[in-house]
Amino acid sequence: MTRKTKSKIEVAFIYLFFVLMFIVIGYPLMWAVMMSINPGTNMLVTDLFPDKPTLEHYIWLFTSPASDYLIWYKNSLIIAVLNSIGSVVLTSLIAYAFSRYKFVGRKYGLYLFLLLQMFPALMGMVALYILLTTIGLVDSIWGLLLIYLGGQIPFNAWLVKGYYDTIPRELDEAAKIDGAGHLRIFWTIMLPLAKPILAVVALFNFMAPFMDFLLPQIVLTDPNNYTLALGLYNFINDQFSTNFTRFAAGSILIAIPIALVFLLLQRYLIGGLTAGATKG
């Protein structure tokens with residue numbers, strides 16, 4: 001078999017793999033979109049291509065007195081925006097300290113971050129629930145935000161620290177000669193150069209509250225405090241619930257803010273997704 005033939009076979013398998021992945025990913029998404037424009041509410045009578053498509057389910061989500069969708073959307077947006085901003089601020093400061101300072105426990109602190117990444121946050125939910133109860137933040141979006149902010153630190157700090165290590169220290173030394181302190185160096189040199197990795201941190205932590213279901217289910221009990229994932233789950237949770245088409249419509253709308261943030265940050269994301277992974 002010639003090299004040219006081998007190359008064609010490899011390319012064919014690559015395209016076949018992409019087609020299979022597109023089907024695996026695209027088919028459920030297409031079903032969700034088509035279900036959201038089907039008339040009625042029962043999943044068993046919906047068609048993949050409805051004869052009479054309708055937007056009644058989207059309208060119901062925003063206009064019906066029985067729908068708390070806008071409240072859930074607002075809660076999710078508040079948590080997502082604050083979690084994204086807070087994560088960038090905390091992570092950038094912590095990673096800068098580990099990258100540029102030398103202090104007792106620095107090495108073991110990095111090892112601790114690496115160790116903490118191996119355990120999911122759910123393992124500590126009993127302790128976290130007791131903590132939230134003690135400080136009066138159980139059944140509160142602020143308590144949930146506190147868990148998100150704390151839980152993201154180990155992974156993100158390790159990732160951003162690796163990126164900071166790729167920034168030449170000569171820039172710091174040149175700035176110190178000009179009289180700049182650590183805060184000035186951090187603000188004027190490190191942050192502008194670290195935009196790609198900070199964009200990745202911002203996007204991932206913005207997405208988390210929209211996608212997470214288990215933590216809100218444990219922390220939140222009042223429907224007025226629900227996030228979108230938890231609220232939409234209740235559309236189909238009850239034994240006799242048939243709100244599958246409304247559930248699909250609500251799920252499709254979750255993609256809007258995530259897509260907007262992605263488009264806003266996309267020029268930084270390509271470099272940031274692979275940065276910080278080779279140095280630690």
# chains A, B, ... in the order shown; residues from 1 in each chain; ligands from 1

call {"tool": "residues_around", "arguments": {"residues": "Trp158 of chain A", "least_positions_apart": "3", "cutoff": "12 Å", "atoms": "only C-alpha atoms", "output": "number ranges by chain"}}
result
A: 91-99, 107, 109-117, 152-155, 161-165, 197, 201, 275-280

call {"tool": "write_last_selection", "arguments": {"atoms": "N, CA and C atoms", "output": "JSON list (two decimals), in the first residue's frame"}}
result
[["chain", "number", "residue", "atom", "x", "y", "z"],
["A", 91, "THR", "N", -8.33, 33.90, 41.53],
["A", 91, "THR", "CA", -7.36, 33.01, 40.89],
["A", 91, "THR", "C", -6.12, 33.77, 40.45],
["A", 92, "SER", "N", -6.31, 34.95, 39.85],
["A", 92, "SER", "CA", -5.15, 35.71, 39.36],
["A", 92, "SER", "C", -4.24, 36.13, 40.50],
["A", 93, "LEU", "N", -4.82, 36.51, 41.64],
["A", 93, "LEU", "CA", -4.01, 36.93, 42.79],
["A", 93, "LEU", "C", -3.27, 35.75, 43.42],
["A", 94, "ILE", "N", -3.99, 34.64, 43.62],
["A", 94, "ILE", "CA", -3.38, 33.46, 44.24],
["A", 94, "ILE", "C", -2.28, 32.90, 43.34],
["A", 95, "ALA", "N", -2.57, 32.80, 42.05],
["A", 95, "ALA", "CA", -1.57, 32.26, 41.11],
["A", 95, "ALA", "C", -0.35, 33.17, 41.04],
["A", 96, "TYR", "N", -0.54, 34.48, 41.11],
["A", 96, "TYR", "CA", 0.60, 35.41, 41.09],
["A", 96, "TYR", "C", 1.49, 35.20, 42.31],
["A", 97, "ALA", "N", 0.88, 35.01, 43.47],
["A", 97, "ALA", "CA", 1.66, 34.79, 44.69],
["A", 97, "ALA", "C", 2.49, 33.51, 44.57],
["A", 98, "PHE", "N", 1.90, 32.44, 44.07],
["A", 98, "PHE", "CA", 2.64, 31.17, 43.95],
["A", 98, "PHE", "C", 3.68, 31.22, 42.83],
["A", 99, "SER", "N", 3.47, 32.04, 41.83],
["A", 99, "SER", "CA", 4.39, 32.11, 40.71],
["A", 99, "SER", "C", 5.58, 33.02, 40.98],
["A", 107, "LYS", "N", 5.79, 25.16, 48.08],
["A", 107, "LYS", "CA", 5.83, 23.90, 47.36],
["A", 107, "LYS", "C", 4.70, 22.97, 47.79],
["A", 109, "GLY", "N", 1.97, 23.85, 49.26],
["A", 109, "GLY", "CA", 0.69, 24.46, 48.90],
["A", 109, "GLY", "C", 0.28, 24.08, 47.48],
["A", 110, "LEU", "N", 1.24, 24.05, 46.57],
["A", 110, "LEU", "CA", 0.96, 23.62, 45.20],
["A", 110, "LEU", "C", 0.56, 22.15, 45.15],
["A", 111, "TYR", "N", 1.25, 21.34, 45.94],
["A", 111, "TYR", "CA", 0.89, 19.92, 46.00],
["A", 111, "TYR", "C", -0.52, 19.74, 46.58],
["A", 112, "LEU", "N", -0.86, 20.59, 47.55],
["A", 112, "LEU", "CA", -2.20, 20.53, 48.13],
["A", 112, "LEU", "C", -3.26, 20.88, 47.09],
["A", 113, "PHE", "N", -3.01, 21.90, 46.28],
["A", 113, "PHE", "CA", -3.93, 22.25, 45.20],
["A", 113, "PHE", "C", -4.11, 21.07, 44.24],
["A", 114, "LEU", "N", -2.98, 20.43, 43.90],
["A", 114, "LEU", "CA", -3.05, 19.28, 42.99],
["A", 114, "LEU", "C", -3.84, 18.14, 43.61],
["A", 115, "LEU", "N", -3.68, 17.94, 44.91],
["A", 115, "LEU", "CA", -4.41, 16.88, 45.60],
["A", 115, "LEU", "C", -5.90, 17.19, 45.66],
["A", 116, "LEU", "N", -6.24, 18.44, 45.93],
["A", 116, "LEU", "CA", -7.65, 18.82, 46.05],
["A", 116, "LEU", "C", -8.40, 18.67, 44.73],
["A", 117, "GLN", "N", -7.68, 18.77, 43.61],
["A", 117, "GLN", "CA", -8.33, 18.62, 42.32],
["A", 117, "GLN", "C", -8.85, 17.20, 42.10],
["A", 152, "GLN", "N", -13.47, 26.36, 43.04],
["A", 152, "GLN", "CA", -12.73, 26.50, 41.79],
["A", 152, "GLN", "C", -11.27, 26.85, 42.00],
["A", 153, "ILE", "N", -10.90, 27.25, 43.20],
["A", 153, "ILE", "CA", -9.55, 27.79, 43.42],
["A", 153, "ILE", "C", -8.43, 26.79, 43.08],
["A", 154, "PRO", "N", -8.46, 25.54, 43.58],
["A", 154, "PRO", "CA", -7.32, 24.65, 43.32],
["A", 154, "PRO", "C", -7.00, 24.46, 41.84],
["A", 155, "PHE", "N", -8.01, 24.09, 41.05],
["A", 155, "PHE", "CA", -7.74, 23.82, 39.63],
["A", 155, "PHE", "C", -7.32, 25.08, 38.89],
["A", 161, "LYS", "N", -1.24, 29.66, 37.38],
["A", 161, "LYS", "CA", 0.14, 29.72, 37.85],
["A", 161, "LYS", "C", 1.08, 29.18, 36.78],
["A", 162, "GLY", "N", 0.69, 28.11, 36.11],
["A", 162, "GLY", "CA", 1.50, 27.57, 35.03],
["A", 162, "GLY", "C", 1.67, 28.56, 33.89],
["A", 163, "TYR", "N", 0.63, 29.34, 33.62],
["A", 163, "TYR", "CA", 0.73, 30.35, 32.57],
["A", 163, "TYR", "C", 1.63, 31.50, 33.00],
["A", 164, "TYR", "N", 1.49, 31.94, 34.26],
["A", 164, "TYR", "CA", 2.35, 33.01, 34.77],
["A", 164, "TYR", "C", 3.83, 32.62, 34.67],
["A", 165, "ASP", "N", 4.12, 31.34, 34.89],
["A", 165, "ASP", "CA", 5.51, 30.89, 34.84],
["A", 165, "ASP", "C", 6.11, 31.03, 33.45],
["A", 197, "ILE", "N", -5.53, 33.01, 29.42],
["A", 197, "ILE", "CA", -5.86, 32.02, 30.43],
["A", 197, "ILE", "C", -6.95, 32.53, 31.36],
["A", 201, "VAL", "N", -10.68, 30.87, 32.34],
["A", 201, "VAL", "CA", -11.22, 30.80, 33.71],
["A", 201, "VAL", "C", -12.58, 31.47, 33.78],
["A", 275, "ALA", "N", -2.78, 26.89, 27.30],
["A", 275, "ALA", "CA", -1.73, 27.53, 28.09],
["A", 275, "ALA", "C", -1.73, 27.03, 29.51],
["A", 276, "GLY", "N", -0.58, 27.09, 30.12],
["A", 276, "GLY", "CA", -0.46, 26.75, 31.53],
["A", 276, "GLY", "C", -0.49, 25.27, 31.81],
["A", 277, "ALA", "N", -0.54, 24.44, 30.78],
["A", 277, "ALA", "CA", -0.65, 23.01, 31.01],
["A", 277, "ALA", "C", 0.69, 22.30, 31.03],
["A", 278, "THR", "N", 1.73, 22.98, 30.60],
["A", 278, "THR", "CA", 3.03, 22.31, 30.49],
["A", 278, "THR", "C", 4.03, 22.76, 31.55],
["A", 279, "LYS", "N", 3.65, 23.76, 32.34],
["A", 279, "LYS", "CA", 4.53, 24.20, 33.42],
["A", 279, "LYS", "C", 3.76, 24.20, 34.72],
["A", 280, "GLY", "N", 4.39, 23.87, 35.82],
["A", 280, "GLY", "CA", 3.68, 23.83, 37.07],
["A", 280, "GLY", "C", 4.55, 24.14, 38.25]]

call {"tool": "residues_around", "arguments": {"residues": "segment 61-78 of chain A", "least_positions_apart": "4", "cutoff": "9 Å", "atoms": "only C-alpha atoms", "output": "mmCIF file with all heavy atoms, in the first residue's frame"}}
result
data_model
loop_
_atom_site.group_PDB
_atom_site.id
_atom_site.type_symbol
_atom_site.label_atom_id
_atom_site.label_comp_id
_atom_site.auth_asym_id
_atom_site.auth_seq_id
_atom_site.Cartn_x
_atom_site.Cartn_y
_atom_site.Cartn_z
ATOM 1 N N GLU A 56 -45.250 28.601 21.430
ATOM 2 C CA GLU A 56 -46.068 28.781 22.622
ATOM 3 C C GLU A 56 -45.316 28.442 23.900
ATOM 4 O O GLU A 56 -45.548 29.056 24.952
ATOM 5 C CB GLU A 56 -47.336 27.936 22.528
ATOM 6 C CG GLU A 56 -47.077 26.431 22.473
ATOM 7 C CD GLU A 56 -48.375 25.622 22.491
ATOM 8 O OE1 GLU A 56 -49.238 25.918 23.330
ATOM 9 O OE2 GLU A 56 -48.495 24.705 21.664
ATOM 10 N N HIS A 57 -44.404 27.478 23.856
ATOM 11 C CA HIS A 57 -43.688 27.086 25.066
ATOM 12 C C HIS A 57 -42.704 28.169 25.505
ATOM 13 O O HIS A 57 -42.551 28.425 26.701
ATOM 14 C CB HIS A 57 -42.952 25.768 24.831
ATOM 15 C CG HIS A 57 -43.841 24.691 24.303
ATOM 16 N ND1 HIS A 57 -44.993 24.293 24.954
ATOM 17 C CD2 HIS A 57 -43.762 23.924 23.176
ATOM 18 C CE1 HIS A 57 -45.572 23.326 24.263
ATOM 19 N NE2 HIS A 57 -44.845 23.095 23.184
ATOM 20 N N LEU A 82 -21.118 36.832 38.931
ATOM 21 C CA LEU A 82 -20.288 37.042 40.114
ATOM 22 C C LEU A 82 -19.253 35.935 40.272
ATOM 23 O O LEU A 82 -18.119 36.199 40.698
ATOM 24 C CB LEU A 82 -21.173 37.130 41.366
ATOM 25 C CG LEU A 82 -22.112 38.333 41.438
ATOM 26 C CD1 LEU A 82 -22.930 38.300 42.730
ATOM 27 C CD2 LEU A 82 -21.321 39.641 41.348
ATOM 28 N N ASN A 83 -19.634 34.716 39.934
ATOM 29 C CA ASN A 83 -18.682 33.608 40.020
ATOM 30 C C ASN A 83 -17.553 33.787 39.007
ATOM 31 O O ASN A 83 -16.382 33.527 39.313
ATOM 32 C CB ASN A 83 -19.404 32.284 39.768
ATOM 33 C CG ASN A 83 -18.510 31.075 39.968
ATOM 34 O OD1 ASN A 83 -17.781 30.995 40.942
ATOM 35 N ND2 ASN A 83 -18.560 30.131 39.048
ATOM 36 N N ILE A 141 -28.720 31.921 47.358
ATOM 37 C CA ILE A 141 -27.847 31.922 46.187
ATOM 38 C C ILE A 141 -26.447 32.398 46.565
ATOM 39 O O ILE A 141 -25.463 32.043 45.914
ATOM 40 C CB ILE A 141 -28.419 32.782 45.051
ATOM 41 C CG1 ILE A 141 -28.555 34.240 45.462
ATOM 42 C CG2 ILE A 141 -29.747 32.226 44.577
ATOM 43 C CD1 ILE A 141 -28.947 35.157 44.302
ATOM 44 N N PHE A 206 -18.285 30.892 34.370
ATOM 45 C CA PHE A 206 -19.590 31.435 33.992
ATOM 46 C C PHE A 206 -20.546 30.310 33.629
ATOM 47 O O PHE A 206 -21.741 30.363 33.938
ATOM 48 C CB PHE A 206 -19.428 32.397 32.814
ATOM 49 C CG PHE A 206 -20.712 33.056 32.386
ATOM 50 C CD1 PHE A 206 -21.159 34.204 33.011
ATOM 51 C CD2 PHE A 206 -21.477 32.523 31.357
ATOM 52 C CE1 PHE A 206 -22.349 34.811 32.630
ATOM 53 C CE2 PHE A 206 -22.659 33.118 30.960
ATOM 54 C CZ PHE A 206 -23.093 34.267 31.605
ATOM 55 N N PRO A 209 -22.602 27.515 36.871
ATOM 56 C CA PRO A 209 -23.929 27.586 37.514
ATOM 57 C C PRO A 209 -25.082 27.181 36.598
ATOM 58 O O PRO A 209 -26.126 26.730 37.086
ATOM 59 C CB PRO A 209 -24.050 29.069 37.914
ATOM 60 C CG PRO A 209 -22.641 29.548 38.002
ATOM 61 C CD PRO A 209 -21.912 28.808 36.933
ATOM 62 N N PHE A 210 -24.924 27.338 35.284
ATOM 63 C CA PHE A 210 -25.977 26.940 34.363
ATOM 64 C C PHE A 210 -26.026 25.427 34.194
ATOM 65 O O PHE A 210 -27.089 24.867 33.931
ATOM 66 C CB PHE A 210 -25.759 27.592 32.991
ATOM 67 C CG PHE A 210 -26.010 29.066 32.961
ATOM 68 C CD1 PHE A 210 -24.959 29.960 33.018
ATOM 69 C CD2 PHE A 210 -27.302 29.564 32.883
ATOM 70 C CE1 PHE A 210 -25.192 31.328 32.994
ATOM 71 C CE2 PHE A 210 -27.546 30.927 32.857
ATOM 72 C CZ PHE A 210 -26.483 31.813 32.909
ATOM 73 N N PRO A 223 -38.178 27.566 45.899
ATOM 74 C CA PRO A 223 -38.244 27.725 44.439
ATOM 75 C C PRO A 223 -37.797 29.099 43.952
ATOM 76 O O PRO A 223 -37.331 29.233 42.818
ATOM 77 C CB PRO A 223 -39.720 27.466 44.117
ATOM 78 C CG PRO A 223 -40.198 26.593 45.237
ATOM 79 C CD PRO A 223 -39.455 27.044 46.455
ATOM 80 N N ASN A 224 -37.935 30.119 44.791
ATOM 81 C CA ASN A 224 -37.513 31.457 44.391
ATOM 82 C C ASN A 224 -35.986 31.601 44.339
ATOM 83 O O ASN A 224 -35.490 32.607 43.832
ATOM 84 C CB ASN A 224 -38.083 32.498 45.349
ATOM 85 C CG ASN A 224 -39.582 32.661 45.194
ATOM 86 O OD1 ASN A 224 -40.118 32.591 44.084
ATOM 87 N ND2 ASN A 224 -40.274 32.865 46.301
ATOM 88 N N ASN A 225 -35.288 30.645 44.902
ATOM 89 C CA ASN A 225 -33.828 30.674 44.877
ATOM 90 C C ASN A 225 -33.235 29.675 43.894
ATOM 91 O O ASN A 225 -32.007 29.578 43.795
ATOM 92 C CB ASN A 225 -33.262 30.376 46.278
ATOM 93 C CG ASN A 225 -33.580 31.464 47.277
ATOM 94 O OD1 ASN A 225 -33.659 32.642 46.924
ATOM 95 N ND2 ASN A 225 -33.766 31.088 48.535
ATOM 96 N N TYR A 226 -34.075 28.937 43.198
ATOM 97 C CA TYR A 226 -33.589 27.915 42.279
ATOM 98 C C TYR A 226 -32.746 28.530 41.154
ATOM 99 O O TYR A 226 -32.982 29.661 40.714
ATOM 100 C CB TYR A 226 -34.739 27.150 41.643
ATOM 101 C CG TYR A 226 -35.392 26.113 42.530
ATOM 102 C CD1 TYR A 226 -36.508 25.400 42.089
ATOM 103 C CD2 TYR A 226 -34.914 25.838 43.801
ATOM 104 C CE1 TYR A 226 -37.122 24.443 42.882
ATOM 105 C CE2 TYR A 226 -35.515 24.887 44.600
ATOM 106 C CZ TYR A 226 -36.607 24.203 44.146
ATOM 107 O OH TYR A 226 -37.210 23.260 44.944
ATOM 108 N N THR A 227 -31.776 27.739 40.679
ATOM 109 C CA THR A 227 -31.087 28.059 39.431
ATOM 110 C C THR A 227 -31.847 27.382 38.281
ATOM 111 O O THR A 227 -32.790 26.617 38.506
ATOM 112 C CB THR A 227 -29.643 27.563 39.470
ATOM 113 O OG1 THR A 227 -29.641 26.144 39.679
ATOM 114 C CG2 THR A 227 -28.860 28.242 40.592
ATOM 115 N N LEU A 228 -31.430 27.652 37.067
ATOM 116 C CA LEU A 228 -32.147 27.112 35.913
ATOM 117 C C LEU A 228 -32.126 25.590 35.877
ATOM 118 O O LEU A 228 -33.143 24.958 35.603
ATOM 119 C CB LEU A 228 -31.538 27.664 34.622
ATOM 120 C CG LEU A 228 -32.022 29.039 34.179
ATOM 121 C CD1 LEU A 228 -31.203 29.543 33.014
ATOM 122 C CD2 LEU A 228 -33.494 29.005 33.814
ATOM 123 N N ALA A 229 -30.970 25.009 36.154
ATOM 124 C CA ALA A 229 -30.880 23.549 36.092
ATOM 125 C C ALA A 229 -31.821 22.897 37.089
ATOM 126 O O ALA A 229 -32.513 21.920 36.771
ATOM 127 C CB ALA A 229 -29.439 23.106 36.364
ATOM 128 N N LEU A 230 -31.875 23.423 38.288
ATOM 129 C CA LEU A 230 -32.739 22.857 39.319
ATOM 130 C C LEU A 230 -34.202 23.145 39.038
ATOM 131 O O LEU A 230 -35.074 22.279 39.219
ATOM 132 C CB LEU A 230 -32.341 23.415 40.686
ATOM 133 C CG LEU A 230 -33.084 22.867 41.903
ATOM 134 C CD1 LEU A 230 -32.970 21.356 41.977
ATOM 135 C CD2 LEU A 230 -32.558 23.507 43.177
ATOM 136 N N GLY A 231 -34.504 24.349 38.582
ATOM 137 C CA GLY A 231 -35.888 24.695 38.291
ATOM 138 C C GLY A 231 -36.463 23.897 37.144
ATOM 139 O O GLY A 231 -37.587 23.391 37.217
ATOM 140 N N LEU A 232 -35.694 23.752 36.064
ATOM 141 C CA LEU A 232 -36.175 22.987 34.920
ATOM 142 C C LEU A 232 -36.354 21.513 35.256
ATOM 143 O O LEU A 232 -37.234 20.845 34.706
ATOM 144 C CB LEU A 232 -35.202 23.135 33.746
ATOM 145 C CG LEU A 232 -35.171 24.513 33.072
ATOM 146 C CD1 LEU A 232 -34.074 24.578 32.030
ATOM 147 C CD2 LEU A 232 -36.517 24.839 32.440
ATOM 148 N N ARG A 246 -41.860 22.196 27.370
ATOM 149 C CA ARG A 246 -41.448 23.414 28.071
ATOM 150 C C ARG A 246 -40.043 23.260 28.643
ATOM 151 O O ARG A 246 -39.262 24.208 28.656
ATOM 152 C CB ARG A 246 -42.445 23.739 29.178
ATOM 153 C CG ARG A 246 -43.823 24.125 28.658
ATOM 154 C CD ARG A 246 -44.852 24.173 29.767
ATOM 155 N NE ARG A 246 -46.181 24.490 29.248
ATOM 156 C CZ ARG A 246 -47.296 24.449 29.975
ATOM 157 N NH1 ARG A 246 -47.237 24.083 31.260
ATOM 158 N NH2 ARG A 246 -48.457 24.753 29.435
ATOM 159 N N ALA A 249 -37.710 23.854 25.779
ATOM 160 C CA ALA A 249 -37.616 25.278 25.444
ATOM 161 C C ALA A 249 -36.737 26.023 26.442
ATOM 162 O O ALA A 249 -35.889 26.843 26.066
ATOM 163 C CB ALA A 249 -39.014 25.891 25.404
ATOM 164 N N GLY A 250 -36.934 25.731 27.730
ATOM 165 C CA GLY A 250 -36.114 26.373 28.751
ATOM 166 C C GLY A 250 -34.656 25.986 28.647
ATOM 167 O O GLY A 250 -33.759 26.812 28.889
ATOM 168 N N ILE A 254 -30.889 28.421 27.717
ATOM 169 C CA ILE A 254 -29.693 28.485 28.564
ATOM 170 C C ILE A 254 -28.456 28.796 27.721
ATOM 171 O O ILE A 254 -27.503 29.430 28.196
ATOM 172 C CB ILE A 254 -29.506 27.159 29.329
ATOM 173 C CG1 ILE A 254 -30.622 26.967 30.348
ATOM 174 C CG2 ILE A 254 -28.157 27.107 30.029
ATOM 175 C CD1 ILE A 254 -30.555 25.657 31.106
ATOM 176 N N PRO A 257 -26.840 33.113 26.976
ATOM 177 C CA PRO A 257 -25.776 33.864 27.658
ATOM 178 C C PRO A 257 -24.406 33.216 27.527
ATOM 179 O O PRO A 257 -23.391 33.914 27.425
ATOM 180 C CB PRO A 257 -26.249 33.887 29.129
ATOM 181 C CG PRO A 257 -27.200 32.760 29.259
ATOM 182 C CD PRO A 257 -27.863 32.638 27.928
#

call {"tool": "residues_around", "arguments": {"residues": "segment 142-144 of chain A", "least_positions_apart": "3", "cutoff": "8 Å", "atoms": "only C-alpha atoms", "output": "list in words"}}
result
Ile79, Leu132, Leu137, Val138, Asp139, Ile147, Tyr148, Leu215, Pro216 and Val219 of chain A

call {"tool": "residues_around", "arguments": {"residues": "Lys52 of chain A", "least_positions_apart": "5", "cutoff": "9 Å", "atoms": "only C-alpha atoms", "output": "JSON, numbers by chain"}}
result
{"A": [37, 38, 39]}

call {"tool": "closest_residue", "arguments": {"among": "A:Ile135, A:Ala32, A:Ala80, A:Leu191", "to": "Met211 of chain A", "atoms": "only C-alpha atoms"}}
result
A:Ala80

call {"tool": "atom_distance", "arguments": {"atom1": "atom CA of Thr245 of chain A", "atom2": "atom CA of Val81 of chain A"}}
result
28.1 Å

call {"tool": "atom_distance", "arguments": {"atom1": "atom CA of Ile189 of chain A", "atom2": "atom CA of Ala208 of chain A"}}
result
29.0 Å

call {"tool": "atom_distance", "arguments": {"atom1": "atom CA of Gly40 of chain A", "atom2": "atom CA of Asp222 of chain A"}}
result
28.3 Å

call {"tool": "residues_around", "arguments": {"residues": "Pro50 of chain A", "least_positions_apart": "3", "cutoff": "12 Å", "atoms": "only C-alpha atoms", "output": "list in words"}}
result
Trp31, Val33, Met34, Met35, Ser36, Ile37, Asn38, Pro39, Gly40, Val45, Thr46, Asp47, Pro53, Thr54 and Leu55 of chain A

call {"tool": "write_last_selection", "arguments": {"atoms": "N, CA, C and O atoms", "output": "short mmCIF file (atom, residue, chain, number, x, y, z; two decimals), in the first residue's frame"}}
result
data_model
loop_
_atom_site.label_atom_id
_atom_site.label_comp_id
_atom_site.auth_asym_id
_atom_site.auth_seq_id
_atom_site.Cartn_x
_atom_site.Cartn_y
_atom_site.Cartn_z
N TRP A 31 -33.18 17.11 18.64
CA TRP A 31 -34.40 16.65 19.29
C TRP A 31 -34.91 17.70 20.28
O TRP A 31 -36.12 17.96 20.37
N VAL A 33 -34.39 20.95 20.25
CA VAL A 33 -34.91 22.11 19.52
C VAL A 33 -36.28 21.80 18.94
O VAL A 33 -37.23 22.60 19.06
N MET A 34 -36.42 20.65 18.29
CA MET A 34 -37.69 20.28 17.68
C MET A 34 -38.78 20.03 18.72
O MET A 34 -39.95 20.36 18.52
N MET A 35 -38.39 19.46 19.85
CA MET A 35 -39.36 19.24 20.92
C MET A 35 -39.88 20.57 21.46
O MET A 35 -41.05 20.70 21.83
N SER A 36 -39.02 21.58 21.50
CA SER A 36 -39.42 22.87 22.06
C SER A 36 -40.44 23.59 21.18
O SER A 36 -41.13 24.50 21.66
N ILE A 37 -40.52 23.23 19.90
CA ILE A 37 -41.49 23.89 19.01
C ILE A 37 -42.63 22.95 18.65
O ILE A 37 -43.43 23.26 17.75
N ASN A 38 -42.73 21.80 19.33
CA ASN A 38 -43.86 20.92 19.14
C ASN A 38 -45.06 21.41 19.94
O ASN A 38 -44.90 21.87 21.08
N PRO A 39 -46.27 21.30 19.42
CA PRO A 39 -47.45 21.63 20.22
C PRO A 39 -47.67 20.58 21.30
O PRO A 39 -47.23 19.44 21.18
N GLY A 40 -48.36 20.95 22.37
CA GLY A 40 -48.60 20.02 23.46
C GLY A 40 -47.43 20.02 24.43
O GLY A 40 -46.46 20.76 24.28
N VAL A 45 -45.80 12.19 22.33
CA VAL A 45 -46.57 12.50 21.12
C VAL A 45 -45.86 13.55 20.27
O VAL A 45 -46.45 14.10 19.35
N THR A 46 -44.60 13.86 20.58
CA THR A 46 -43.88 14.85 19.79
C THR A 46 -43.26 14.21 18.56
O THR A 46 -42.97 13.02 18.52
N ASP A 47 -43.08 15.01 17.53
CA ASP A 47 -42.48 14.56 16.28
C ASP A 47 -41.12 15.23 16.10
O ASP A 47 -40.91 16.36 16.54
N PRO A 53 -45.29 23.72 13.84
CA PRO A 53 -44.36 24.25 14.85
C PRO A 53 -44.94 25.49 15.54
O PRO A 53 -45.66 26.28 14.92
N THR A 54 -44.63 25.66 16.79
CA THR A 54 -45.17 26.76 17.57
C THR A 54 -44.13 27.27 18.56
O THR A 54 -43.24 26.51 18.98
N LEU A 55 -44.25 28.52 18.95
CA LEU A 55 -43.39 29.13 19.96
C LEU A 55 -44.13 29.30 21.28
O LEU A 55 -43.68 30.05 22.15
#
